[in-house]
Each structure stands twice: as structure tokens, then as C-alpha cells.
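Engineer: Quick one, target_37.tsv (TSV, C-alpha atoms):
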```tsv
chain	number	residue	atom	x	y	z
T	1	MET	CA	-30.14	109.84	10.61
T	2	HIS	CA	-29.20	109.06	7.00
T	3	TYR	CA	-31.07	106.88	4.57
T	4	THR	CA	-28.46	104.58	3.04
T	5	GLU	CA	-28.45	101.84	0.45
T	6	GLN	CA	-25.87	99.26	-0.56
T	7	GLU	CA	-24.35	98.92	-4.02
T	8	ILE	CA	-21.66	96.73	-5.51
T	9	CYS	CA	-18.45	98.32	-6.79
T	10	PRO	CA	-18.07	97.67	-10.55
T	11	GLU	CA	-14.28	97.53	-10.17
T	12	CYS	CA	-13.65	95.24	-7.21
T	13	ALA	CA	-17.15	93.94	-6.27
T	14	HIS	CA	-16.79	95.44	-2.77
T	15	GLN	CA	-20.02	96.50	-1.07
T	16	MET	CA	-20.44	100.31	-1.09
T	17	GLU	CA	-22.61	102.58	1.04
T	18	ALA	CA	-24.85	104.80	-1.10
T	19	ASN	CA	-26.32	108.04	0.29
T	20	PRO	CA	-28.89	109.87	-1.89
T	21	GLY	CA	-27.52	113.25	-2.99
T	22	TYR	CA	-23.88	112.27	-2.43
T	23	SER	CA	-21.28	110.43	-4.47
T	24	THR	CA	-21.13	106.67	-4.16
T	25	TRP	CA	-17.54	105.50	-4.00
T	26	CYS	CA	-15.54	102.45	-3.01
T	27	ARG	CA	-13.39	102.56	0.13
T	28	LYS	CA	-11.43	99.52	-1.01
T	29	CYS	CA	-10.30	100.52	-4.53
T	30	ASN	CA	-11.24	104.26	-4.57
T	31	TRP	CA	-13.62	103.81	-7.49
T	32	ASN	CA	-15.44	107.14	-8.18
T	33	VAL	CA	-13.73	108.85	-5.23
T	34	TYR	CA	-13.12	111.88	-7.46
T	35	GLU	CA	-16.77	112.07	-8.68
T	36	ASP	CA	-15.36	113.08	-12.08
T	37	GLU	CA	-11.98	113.50	-13.72
T	38	ARG	CA	-11.10	116.61	-11.74
T	39	GLY	CA	-8.32	116.25	-9.22
T	40	GLN	CA	-6.75	113.23	-10.92
T	41	GLY	CA	-4.25	115.23	-12.93
T	42	THR	CA	-0.74	115.72	-11.73
T	43	TYR	CA	0.89	119.02	-11.10
T	44	GLY	CA	2.70	120.10	-14.23
T	45	GLY	CA	3.87	123.68	-14.06
T	46	LEU	CA	7.54	124.54	-14.08
T	47	ASN	CA	9.55	121.36	-13.43
T	48	GLY	CA	6.59	119.73	-11.66
T	49	ASN	CA	8.45	116.44	-10.94
T	50	ASP	CA	11.37	118.32	-9.38
T	51	ASP	CA	8.96	120.25	-7.14
T	52	GLU	CA	7.29	117.03	-6.04
T	53	ARG	CA	10.66	115.43	-5.20
T	54	SER	CA	11.70	118.57	-3.30
T	55	SER	CA	8.48	118.49	-1.25
T	56	ASP	CA	8.99	114.78	-0.52
T	57	ARG	CA	12.56	115.43	0.65
T	58	LEU	CA	11.29	118.14	3.00
T	59	LEU	CA	8.64	115.75	4.32
T	60	GLU	CA	11.24	113.07	5.09
T	61	GLU	CA	13.41	115.66	6.82
T	62	PHE	CA	10.52	116.90	8.97
T	63	LYS	CA	9.32	113.38	9.78
T	64	TYR	CA	12.69	112.80	11.42
T	65	ASN	CA	12.88	116.20	13.14
T	66	VAL	CA	10.77	119.36	12.86
T	67	ASN	CA	13.47	121.97	12.36
T	68	ARG	CA	12.02	125.43	12.97
T	69	ASP	CA	15.05	127.29	11.56
T	70	LEU	CA	14.97	128.87	8.10
T	71	PRO	CA	18.56	128.67	6.86
T	72	PHE	CA	19.96	130.86	4.09
T	73	THR	CA	19.92	128.60	1.03
T	74	LYS	CA	20.87	128.96	-2.60
T	75	GLN	CA	17.14	129.13	-3.41
T	76	ARG	CA	16.86	132.23	-1.22
T	77	PHE	CA	19.84	133.72	-3.04
T	78	TYR	CA	18.11	133.01	-6.38
T	79	THR	CA	14.94	134.68	-5.09
T	80	TYR	CA	16.80	137.87	-4.18
T	81	LEU	CA	18.62	137.74	-7.53
T	82	VAL	CA	15.37	137.44	-9.52
T	83	ALA	CA	13.72	140.19	-7.44
T	84	LEU	CA	16.69	142.50	-7.98
T	85	THR	CA	16.64	141.77	-11.72
T	86	VAL	CA	12.96	142.69	-11.85
T	87	HIS	CA	13.63	146.04	-10.15
T	88	LEU	CA	16.64	146.86	-12.33
T	89	SER	CA	14.79	145.92	-15.52
T	90	THR	CA	11.90	148.17	-14.58
T	91	LEU	CA	14.26	150.99	-13.64
T	92	SER	CA	15.90	150.70	-17.07
T	93	ILE	CA	12.63	151.90	-18.62
T	94	LEU	CA	13.13	155.23	-16.85
T	95	GLY	CA	16.71	155.34	-18.12
T	96	ILE	CA	15.59	154.76	-21.71
T	97	ALA	CA	12.91	157.44	-21.38
T	98	ILE	CA	15.50	159.96	-20.10
T	99	PHE	CA	17.79	159.06	-22.99
T	100	PHE	CA	14.99	159.70	-25.49
T	101	PHE	CA	14.30	163.07	-23.87
T	102	SER	CA	17.96	164.01	-24.32
T	103	THR	CA	17.79	163.57	-28.10
T	104	ASN	CA	16.47	166.20	-30.46
T	105	SER	CA	14.01	163.82	-32.07
T	106	THR	CA	10.34	164.74	-31.66
T	107	TRP	CA	9.20	161.17	-32.21
T	108	LEU	CA	11.68	159.77	-29.68
T	109	GLY	CA	10.54	162.45	-27.24
T	110	ILE	CA	6.91	161.31	-27.66
T	111	PHE	CA	8.00	157.71	-27.22
T	112	GLY	CA	9.95	158.76	-24.11
T	113	ILE	CA	6.78	160.32	-22.64
T	114	ALA	CA	4.92	157.05	-23.26
T	115	LEU	CA	7.70	155.09	-21.54
T	116	LEU	CA	7.63	157.51	-18.59
T	117	PHE	CA	3.89	157.02	-18.14
T	118	LEU	CA	4.42	153.25	-18.41
T	119	TRP	CA	7.13	153.33	-15.73
T	120	ILE	CA	4.90	155.37	-13.40
T	121	THR	CA	2.05	152.89	-13.97
T	122	ILE	CA	4.26	149.89	-13.16
T	123	ILE	CA	6.20	151.32	-10.22
T	124	LEU	CA	3.41	153.37	-8.61
T	125	PRO	CA	3.17	152.53	-4.91
T	126	TYR	CA	0.07	150.59	-3.99
T	127	ARG	CA	-2.09	150.64	-0.93
T	128	LYS	CA	-3.38	147.40	0.48
T	129	ARG	CA	-7.10	147.76	0.84
T	130	LEU	CA	-8.26	146.00	3.97
T	131	PRO	CA	-10.44	143.02	2.98
T	132	GLY	CA	-13.09	143.54	5.66
T	133	ARG	CA	-13.96	145.31	8.89
T	134	VAL	CA	-11.50	145.92	11.71
T	135	ILE	CA	-12.85	144.92	15.12
T	136	SER	CA	-11.50	146.60	18.24
T	137	ARG	CA	-9.85	144.97	21.23
T	138	ASP	CA	-12.26	146.75	23.58
T	139	GLU	CA	-15.30	145.39	21.74
T	140	TYR	CA	-14.07	141.78	21.51
T	141	PRO	CA	-11.66	141.27	24.43
T	142	GLU	CA	-12.07	137.48	24.63
T	143	LEU	CA	-11.22	136.90	20.97
T	144	TYR	CA	-8.19	139.17	21.14
T	145	GLY	CA	-7.20	137.56	24.43
T	146	MET	CA	-7.31	134.08	22.91
T	147	ILE	CA	-5.19	135.21	19.95
T	148	ASP	CA	-2.71	136.85	22.37
T	149	GLU	CA	-2.43	133.67	24.44
T	150	ILE	CA	-1.83	131.55	21.34
T	151	GLY	CA	0.75	134.08	20.16
T	152	GLU	CA	2.46	134.08	23.55
T	153	ARG	CA	2.83	130.31	23.36
T	154	LEU	CA	4.44	130.66	19.91
T	155	ASN	CA	6.59	133.66	20.96
T	156	VAL	CA	4.67	136.07	18.73
T	157	PRO	CA	3.82	139.64	19.86
T	158	PRO	CA	0.11	140.56	19.83
T	159	VAL	CA	-1.32	141.27	16.38
T	160	ASP	CA	-2.04	144.90	15.58
T	161	MET	CA	-5.53	144.26	14.31
T	162	VAL	CA	-8.13	141.58	13.64
T	163	ILE	CA	-10.16	141.94	10.46
T	164	ILE	CA	-13.52	140.24	9.89
T	165	SER	CA	-14.59	139.31	6.36
T	166	GLU	CA	-17.26	137.29	4.57
T	167	GLU	CA	-14.69	135.02	2.93
T	168	TYR	CA	-14.48	131.28	3.54
T	169	ASN	CA	-10.88	131.57	4.65
T	170	ILE	CA	-8.36	132.73	7.23
T	171	TYR	CA	-5.04	134.40	6.43
T	172	ASN	CA	-2.55	136.96	7.70
T	173	LEU	CA	-1.43	140.31	6.31
T	174	HIS	CA	1.80	142.26	6.65
T	175	LEU	CA	0.93	145.95	6.50
T	176	LYS	CA	2.98	149.12	6.44
T	177	ARG	CA	5.13	150.09	9.42
T	178	LYS	CA	5.56	146.38	10.22
T	179	ARG	CA	1.97	146.08	11.39
T	180	ARG	CA	0.42	142.62	11.31
T	181	ALA	CA	-3.23	141.71	10.83
T	182	LEU	CA	-5.21	138.50	11.11
T	183	VAL	CA	-8.15	138.13	8.70
T	184	LEU	CA	-10.93	135.83	9.96
T	185	GLY	CA	-13.59	134.74	7.47
T	186	ILE	CA	-16.78	134.36	9.50
T	187	PRO	CA	-18.34	131.77	7.12
T	188	PHE	CA	-15.31	129.54	7.65
T	189	PHE	CA	-15.20	130.07	11.42
T	190	ALA	CA	-18.92	129.36	11.69
T	191	ALA	CA	-18.17	125.80	10.60
T	192	LEU	CA	-15.46	125.25	13.23
T	193	THR	CA	-15.47	124.06	16.81
T	194	LEU	CA	-13.46	126.12	19.28
T	195	GLN	CA	-10.44	123.78	19.07
T	196	GLU	CA	-10.57	123.97	15.27
T	197	LYS	CA	-10.67	127.77	15.53
T	198	ILE	CA	-7.59	127.59	17.77
T	199	ALA	CA	-5.87	125.36	15.19
T	200	ALA	CA	-6.63	127.83	12.38
T	201	ILE	CA	-5.39	130.82	14.39
T	202	SER	CA	-2.30	128.92	15.57
T	203	HIS	CA	-1.37	128.14	11.98
T	204	GLN	CA	-1.42	131.82	11.04
T	205	MET	CA	0.37	132.95	14.20
T	206	SER	CA	3.10	130.40	13.50
T	207	GLN	CA	3.68	132.07	10.14
T	208	PHE	CA	4.15	135.36	11.98
T	209	ALA	CA	6.64	133.59	14.28
T	210	HIS	CA	8.78	132.44	11.36
T	211	PRO	CA	9.30	135.37	8.95
T	212	ASN	CA	10.19	134.05	5.52
T	213	ILE	CA	11.42	135.37	2.23
T	214	SER	CA	7.95	136.32	1.01
T	215	ASP	CA	7.85	138.93	3.82
T	216	SER	CA	10.95	140.67	2.44
T	217	SER	CA	10.10	144.14	1.10
T	218	LEU	CA	12.43	143.56	-1.88
T	219	VAL	CA	10.60	140.37	-2.88
T	220	GLU	CA	7.12	141.72	-2.10
T	221	ARG	CA	7.73	144.80	-4.27
T	222	ALA	CA	9.09	142.61	-7.07
T	223	ARG	CA	5.88	140.56	-7.01
T	224	HIS	CA	3.85	143.76	-7.11
T	225	VAL	CA	5.87	145.05	-10.09
T	226	LEU	CA	5.42	141.75	-11.95
T	227	ASN	CA	1.68	141.75	-11.24
T	228	SER	CA	1.50	145.34	-12.55
T	229	TRP	CA	3.34	144.25	-15.71
T	230	ILE	CA	0.98	141.30	-16.19
T	231	ASP	CA	-2.10	143.51	-15.71
T	232	THR	CA	-0.69	145.97	-18.24
T	233	VAL	CA	0.31	143.57	-21.00
T	234	ASP	CA	-2.29	140.83	-20.48
T	235	PRO	CA	-3.71	140.05	-23.96
T	236	GLN	CA	-7.12	139.53	-22.37
T	237	ASP	CA	-7.05	143.00	-20.83
T	238	SER	CA	-7.20	146.45	-22.38
T	239	GLY	CA	-4.11	147.69	-20.60
T	240	LEU	CA	-1.99	150.72	-21.38
T	241	LEU	CA	0.31	148.86	-23.75
T	242	TYR	CA	-2.56	147.82	-26.01
T	243	TRP	CA	-2.84	151.33	-27.45
T	244	VAL	CA	0.38	153.13	-26.52
T	245	VAL	CA	3.54	151.09	-26.49
T	246	PHE	CA	3.01	147.71	-28.12
T	247	PRO	CA	0.14	147.83	-30.63
T	248	LEU	CA	1.43	144.64	-32.24
T	249	ILE	CA	-0.37	141.67	-30.72
T	250	ILE	CA	2.49	139.22	-31.32
T	251	LEU	CA	4.97	141.42	-29.48
T	252	ARG	CA	2.51	141.87	-26.65
T	253	LEU	CA	2.00	138.11	-26.36
T	254	LEU	CA	5.77	137.57	-26.32
T	255	LEU	CA	6.23	140.14	-23.55
T	256	PHE	CA	3.40	138.58	-21.57
T	257	ALA	CA	5.06	135.16	-21.86
T	258	VAL	CA	8.43	136.52	-20.71
T	259	ILE	CA	6.94	138.32	-17.69
T	260	GLY	CA	4.88	135.26	-16.80
T	261	GLY	CA	8.02	133.13	-16.97
T	262	VAL	CA	9.92	135.49	-14.67
T	263	TYR	CA	7.04	135.45	-12.18
T	264	ALA	CA	6.96	131.64	-12.26
T	265	LEU	CA	10.73	131.58	-11.69
T	266	LEU	CA	10.38	133.89	-8.68
T	267	ILE	CA	7.67	131.69	-7.14
T	268	LYS	CA	9.68	128.54	-7.85
T	269	SER	CA	12.74	129.95	-6.07
T	270	MET	CA	10.56	130.70	-3.00
T	271	ARG	CA	8.74	127.38	-2.94
T	272	ASN	CA	11.13	125.37	-0.77
T	273	GLU	CA	11.18	127.95	2.04
T	274	MET	CA	7.42	128.56	1.85
T	275	GLN	CA	6.69	124.84	2.10
T	276	ARG	CA	9.06	124.61	5.07
T	277	VAL	CA	7.07	127.41	6.78
T	278	PHE	CA	3.81	125.52	6.16
T	279	TYR	CA	5.17	122.29	7.62
T	280	ILE	CA	6.32	124.20	10.72
T	281	ALA	CA	2.91	125.90	11.02
T	282	ASP	CA	1.07	122.56	10.68
T	283	ASN	CA	3.23	121.08	13.44
T	284	GLU	CA	2.82	124.05	15.80
T	285	ALA	CA	-0.95	124.20	15.20
T	286	SER	CA	-1.10	120.47	15.93
T	287	GLU	CA	0.79	120.88	19.20
T	288	THR	CA	-1.31	123.89	20.23
T	289	ALA	CA	-4.82	122.68	19.35
T	290	GLY	CA	-4.32	118.92	19.02
T	291	SER	CA	-3.73	116.91	15.87
T	292	GLU	CA	-7.35	115.79	15.63
T	293	ALA	CA	-8.50	119.42	15.49
T	294	VAL	CA	-6.05	120.20	12.65
T	295	LEU	CA	-7.19	117.25	10.52
T	296	SER	CA	-10.82	118.18	11.17
T	297	LEU	CA	-9.94	121.77	10.17
T	298	PHE	CA	-8.61	120.46	6.84
T	299	LEU	CA	-11.92	118.67	6.24
T	300	LYS	CA	-14.00	121.74	7.11
T	301	SER	CA	-11.92	123.81	4.68
T	302	GLU	CA	-13.56	121.80	1.88
T	303	MET	CA	-17.07	122.93	2.86
T	304	GLU	CA	-17.07	126.24	0.97
T	305	GLY	CA	-19.35	124.85	-1.74
T	306	LEU	CA	-21.86	123.67	0.86
T	307	PHE	CA	-21.82	127.11	2.47
T	308	ALA	CA	-22.41	128.89	-0.86
T	309	HIS	CA	-25.33	126.55	-1.62
T	310	THR	CA	-26.77	127.08	1.87
T	311	ALA	CA	-26.47	130.87	1.59
T	312	GLU	CA	-28.30	130.91	-1.75
T	313	GLN	CA	-31.16	128.81	-0.37
T	314	VAL	CA	-31.49	130.79	2.87
T	315	ALA	CA	-31.51	134.05	0.89
T	316	GLU	CA	-34.53	132.85	-1.12
T	317	TYR	CA	-36.72	133.13	1.97
T	318	GLN	CA	-37.04	136.77	2.96
T	319	TYR	CA	-37.75	136.12	6.63
T	320	ASN	CA	-35.04	133.51	7.20
T	321	LYS	CA	-32.18	135.21	9.05
T	322	GLU	CA	-30.24	132.30	10.56
T	323	LEU	CA	-27.68	131.57	7.84
T	324	TYR	CA	-24.83	130.26	9.98
T	325	GLU	CA	-27.03	128.14	12.20
T	326	GLU	CA	-28.50	126.51	9.09
T	327	PHE	CA	-24.98	125.96	7.73
T	328	ARG	CA	-23.92	124.15	10.91
T	329	LYS	CA	-27.05	121.99	10.75
T	330	ARG	CA	-26.22	120.98	7.19
T	331	ILE	CA	-22.65	120.10	8.12
T	332	SER	CA	-24.01	117.87	10.91
T	333	THR	CA	-26.18	116.02	8.36
T	334	VAL	CA	-23.35	115.26	5.96
T	335	PRO	CA	-22.98	111.44	5.96
T	336	THR	CA	-19.86	109.90	7.43
T	337	GLN	CA	-19.20	108.28	4.07
T	338	GLU	CA	-18.92	111.72	2.43
T	339	PHE	CA	-16.48	112.96	5.08
T	340	LEU	CA	-14.45	109.80	4.49
T	341	ARG	CA	-14.47	110.53	0.75
T	342	ILE	CA	-13.15	114.06	1.32
T	343	GLN	CA	-10.53	112.71	3.70
T	344	ARG	CA	-9.46	110.09	1.14
T	345	LEU	CA	-9.19	112.78	-1.53
T	346	GLN	CA	-6.90	114.79	0.72
T	347	GLU	CA	-4.80	111.72	1.46
T	348	LEU	CA	-4.46	111.04	-2.28
T	349	ASN	CA	-3.76	114.65	-3.18
T	350	ASP	CA	-0.05	114.80	-3.95
T	351	THR	CA	-0.30	118.11	-5.80
T	352	PRO	CA	0.04	121.53	-4.12
T	353	ASN	CA	-3.24	123.46	-3.98
T	354	ARG	CA	-1.15	126.59	-4.51
T	355	SER	CA	2.24	126.94	-6.06
T	356	TYR	CA	3.94	127.40	-2.67
T	357	HIS	CA	1.88	125.04	-0.48
T	358	PRO	CA	3.01	121.47	0.28
T	359	PRO	CA	0.74	118.72	-1.09
T	360	MET	CA	-2.12	117.99	1.31
T	361	LYS	CA	-1.10	114.32	1.36
T	362	ASN	CA	2.30	115.28	2.81
T	363	ARG	CA	0.82	117.68	5.35
T	364	ILE	CA	-1.53	114.99	6.68
T	365	GLU	CA	1.29	112.43	6.77
T	366	LEU	CA	3.52	114.77	8.81
T	367	ILE	CA	0.74	115.52	11.32
T	368	ARG	CA	0.15	111.80	11.84
T	369	GLU	CA	3.89	111.22	12.22
T	370	HIS	CA	4.08	113.79	15.07
T	371	TRP	CA	0.64	113.15	16.57
T	372	ALA	CA	-0.34	115.42	19.47
T	373	MET	CA	-3.20	113.85	21.37
T	374	ILE	CA	-3.47	116.44	24.16
T	375	PRO	CA	-3.69	120.11	23.05
T	376	ALA	CA	-1.29	122.51	24.72
T	377	TYR	CA	-3.92	125.24	24.75
T	378	ARG	CA	-7.55	124.73	25.70
T	379	PRO	CA	-9.63	127.53	27.27
T	380	ASP	CA	-11.67	126.64	30.34
T	381	ALA	CA	-15.44	126.26	30.07
T	382	ALA	CA	-16.23	129.82	31.22
T	383	LYS	CA	-13.79	131.37	28.75
T	384	GLU	CA	-15.09	129.11	25.98
T	385	ARG	CA	-18.63	130.39	26.58
T	386	ARG	CA	-17.49	134.01	26.40
T	387	ILE	CA	-15.51	133.41	23.21
T	388	ASN	CA	-18.45	131.63	21.58
T	389	GLU	CA	-20.72	134.51	22.56
T	390	GLU	CA	-18.43	137.00	20.81
T	391	PHE	CA	-18.40	134.82	17.69
T	392	ARG	CA	-22.20	134.71	17.77
T	393	GLN	CA	-22.23	138.51	17.75
T	394	LEU	CA	-19.85	138.54	14.77
T	395	GLU	CA	-22.05	136.00	12.99
T	396	GLN	CA	-25.15	138.15	13.47
T	397	ARG	CA	-23.46	141.14	11.83
T	398	SER	CA	-21.92	139.03	9.08
T	399	GLN	CA	-25.07	137.20	8.03
T	400	LYS	CA	-26.99	140.47	7.78
T	401	ILE	CA	-24.38	141.71	5.28
T	402	LEU	CA	-24.32	138.48	3.29
T	403	LEU	CA	-28.08	137.99	3.09
T	404	SER	CA	-28.61	141.64	2.22
T	405	ASP	CA	-26.13	141.32	-0.66
T	406	LEU	CA	-27.67	138.06	-1.90
T	407	ARG	CA	-31.18	139.49	-1.75
T	408	GLY	CA	-30.11	142.67	-3.46
T	409	ASN	CA	-31.30	144.90	-0.61
```
Starting from the file, lay out its structure as C-alpha cells.

Structural biologist:
Amino acid sequence: MHYTEQEICPECAHQMEANPGYSTWCRKCNWNVYEDERGQGTYGGLNGNDDERSSDRLLEEFKYNVNRDLPFTKQRFYTYLVALTVHLSTLSILGIAIFFFSTNSTWLGIFGIALLFLWITIILPYRKRLPGRVISRDEYPELYGMIDEIGERLNVPPVDMVIISEEYNIYNLHLKRKRRALVLGIPFFAALTLQEKIAAISHQMSQFAHPNISDSSLVERARHVLNSWIDTVDPQDSGLLYWVVFPLIILRLLLFAVIGGVYALLIKSMRNEMQRVFYIADNEASETAGSEAVLSLFLKSEMEGLFAHTAEQVAEYQYNKELYEEFRKRISTVPTQEFLRIQRLQELNDTPNRSYHPPMKNRIELIREHWAMIPAYRPDAAKERRINEEFRQLEQRSQKILLSDLRGN
């Protein structure tokens, strides 16, 4: 039960519902829908208007027919070309260092040693640190079984591991030896119904089903090399180049700008294919879990701030241990008007939330264009109870970790 008042919109004189503690906004003219100026800016970046037109063209294509093929395009060729240039440019550092060693100059020899150390720093293989705790198939058979069944529907082999984290997120990882992992953020999953959980998992499994250019080892290594360069030459960081190779700040800033530009060019060349993968994943998640569950999932993804606020308040009371139950209660008390405001924001959002994601407005429009009323996958009541029980066990372990960290125990 929510205590509401009525106010008059200063822009269009429409009657507005006002809920204490939440933004008052106008459904008719969208007055104050943003709360503040954030979110009203347009996406600039590298050729922002071109990117927006490209995303709109993809949307129109997918509205007519959801094509699940990923053709070889000139953008993919440009991506491989940029990645290869990055590798050759980095390899040239080793060549220069060897040349310096071959001279009889002491100073050039010292400079060659510095370049060799720089090359090792940039090119050094990296190990992906797992972002949470791996849970076993024997310990959580129902969860793994549900993921396997979703994967079977999407023609995806079973994942090699499921990782549990305390992030408000879900994502997939490609590990060494072609192993694949699914990372489930318990705070995020605590907010979801079972069908919304199925939608979230289906979206990630669809990405496994449609390997894209970002999964290429050549491109992935190029991104790692560029990130290593940025970490090394970042003017805000005390990297190796600050003292050894480029003590001149202007030169360091110039190098940072060049590397940043190359990285932006690499991402731009990948954007069309990555957005295509997301549209496919949205469509397959909608067919698997139902379109209503996917749109509800989008709304719940905006609740991270509410979860953080809830966690801080629960942690203040030493004997309060039910973090996730309290979070669900607070979601249930959010007024309908606030959910409508978040939904309107998503419908108005024509900017990508990441450089390679389609605008949320387009994603919602495509789901509504290919509306799936009946989900293709819905566990029976007995299986649903067993799955929920396993998630309750995961929540118990997760909230102990989170509350202990927040309380400094």
C-alpha cells in the first residue's frame, strides 16, 4: 500500500501521481522523468551519429526477420586488420631493442634493455582470475540441469563451470582450452523470478551459441595488449614509462591519445557484429522465457542502487541476517509509478549503455515487434521448488560474505 498525492505538471498541467521518497514525473510530457540532467545527453564518442544510424538499420533488418547468421563483413575485416596492426606494432618494439643491442653504443644498449622490459610488460601472458566461487554440478544439480536444458534448446553444449559472485550482474567467460563459464551474480538473481532467471541465462547461452569476433584469440589478445599499453602510459598512473622510457609528459600524453584512438577504432569495427549478437540473444531469450520476463528483467537490472542501499542498512544491524529477503520486500514496495518511470527511461534511451550494446530503446522495440507470449521453457512446479531451494542455499552463503565485508568482520 503506497501513500500517494496528486500534483499538477508545470509543463502541460496534467495530473501527476506523487509518491514520497520517489521522483514525481509526468506520464504525458515526460517532465522530470530523468530526475536531473543525467541521461539526457546523446552518445558522442567516435562518429556517434553514424553508430546510431547503424544500430537503427540493424533494428529495421531484425524487425523484418531475425537473422541468426553472422556474415563476414568489411567491418570484421577491419577488426582483424586493426588487431594485426596492434600485434605487429608491439612486436616492432622487440625488433628495435634487438637492433640497439647489435650496436656498440652503451647508451643504446641501455635503451634497448628498457625497451625489452617494456615489451615483456606489454606482451606478458595474463591469467583470467575467476570473479567468484565455482559451484559443482554434484552440489547444485537442479541449477546445472536448468542451464543444460536451456542450452540444449539453443544448441549449446553444457557449460564447463558456473561461478557465483556478489556482483549485481550476469555474464559469460571464455577461458583457456575453449572452456566456457557462466557467472551468476547472486544479488541480481535474488531480485528475479524464476522466468526472469531463465531469461537472463538464455541471453548468455545465446551468446555462446553465436560465437562472434570478440571471441577470436587474435582480437582478444589485441585488446589485452592495448589495455596493457593504456595501463602503462596512462598519465594518471605511475606506470613503467613514467620513469623509464618517456619521462616527458607531453610525449606520454600523445602516446596515450594514440593508443586510446586505436582502441576506440578496434571497438568501433566490432560494434555492428556485437550489436547483432545482442539482438539475437534478446530474441532467443524472449522465445525461451517469454517476452514479458525479458522486459521485466530489463527493469530489475536497474535496481542495483536499491540493493546497495538495502545492504548498507541491513549491515548496520548486527543481528539482521536476511539481506536478500529484505531486498525482495523493498522491490515489492516500489510504487508502480516508479517502475513506469524506469520503463519510460529505457524506452527513451537511444544511447548504448556500453560501446558495443544496442540502445535499450531499440532492444525493447525489437522484443515488442516479435512478442512471445508463451515461453518455450518453463520448469514444472516440483522442479521450480527444487531450483528455488538451491538458490536459497546460494543466497545464504552469499549474504554471509557480503554482510561480513560490510561490517568489517

Engineer: Which protein, DNA or RNA residues have an atom at most 12 Å from (2.7, 122.8, 15.4), counting all atoms listed in the file? List them as a VMD selection string.

Structural biologist: chain T and resid 62 66 to 68 150 153 to 154 198 to 207 209 277 to 291 293 to 294 363 366 to 368 370 to 372 375 to 377

Engineer: Select, from T:Gln15, T:Ser217, T:Gln318, T:Gln275, the residue with the minimum atom-to-atom distance to His174 of chain T, counting all atoms listed in the file.

Structural biologist: T:Ser217

Engineer: Between atom CA of Glu142 of chain T and atom CA of Arg378 of chain T, what is the spacing in Å?

Structural biologist: 13.6 Å

Engineer: Compare T:Ala190, T:Ile259, T:Leu254, T:Val159 by their minimum atom-to-atom distance to Ser89 of chain T, counting only C-alpha atoms, and give me the closest one.

Structural biologist: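 With only C-alpha atoms as the atom set, the closest residue is T:Ile259.
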
Engineer: Of the candidates T:Ile331, T:Leu394, T:Leu299, T:Leu124, which one gets nearest to Gly185 of chain T if we count all atoms listed in the file?

Structural biologist: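 The closest residue to Gly185 of chain T is T:Leu394.
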
Engineer: Hey, which bits of segment 152-248 of chain T sit within 12 Å of segment 76-80 of chain T, and for each residue what's the closest pair of atoms and how far apart in Å (one decimal), counting only C-alpha atoms, rows by chain and increasing number, as a Markdown table?

Structural biologist:
```
| residue | atom | partner | partner_atom | distance |
| --- | --- | --- | --- | --- |
| T:Asn212 | CA | T:Arg76 | CA | 9.7 |
| T:Ile213 | CA | T:Arg76 | CA | 7.2 |
| T:Ser214 | CA | T:Thr79 | CA | 9.4 |
| T:Ser216 | CA | T:Tyr80 | CA | 9.3 |
| T:Ser217 | CA | T:Tyr80 | CA | 10.6 |
| T:Leu218 | CA | T:Tyr80 | CA | 7.5 |
| T:Val219 | CA | T:Tyr80 | CA | 6.8 |
| T:Glu220 | CA | T:Tyr80 | CA | 10.6 |
| T:Arg221 | CA | T:Tyr80 | CA | 11.4 |
| T:Ala222 | CA | T:Tyr80 | CA | 9.5 |
| T:Arg223 | CA | T:Thr79 | CA | 11.0 |
```

Engineer: Ranking T:Arg386, T:Arg271, T:Lys329, T:Arg407 by minimum distance to Tyr317 of chain T and counting only C-alpha atoms, which one comes first?

Structural biologist: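 Result for the nearest residue to Tyr317 of chain T: T:Arg407.
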
Engineer: For a quick check of understanding, using all atoms listed in the file, which of T:Pro20, T:Pro379, T:Pro157, T:Pro359 has the smallest distance to Leu58 of chain T?

Structural biologist: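 Looking at the shortest contact to Leu58 of chain T, the residue is T:Pro359.
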
Engineer: Between T:Met274, T:Ile186, T:Leu323, T:Ile267, which has the minimum distance to Lys400 of chain T (counting all atoms listed in the file)?

Structural biologist: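 Of all the options, T:Leu323 lies closest to Lys400 of chain T.
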
Engineer: Just to confirm, what's the straight-line distance from atom CA of Arg328 of chain T to atom CA of Glu17 of chain T in Å (one decimal)?

Structural biologist: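 About the pair atom CA of Arg328 of chain T and atom CA of Glu17 of chain T: they are 23.8 Å apart.
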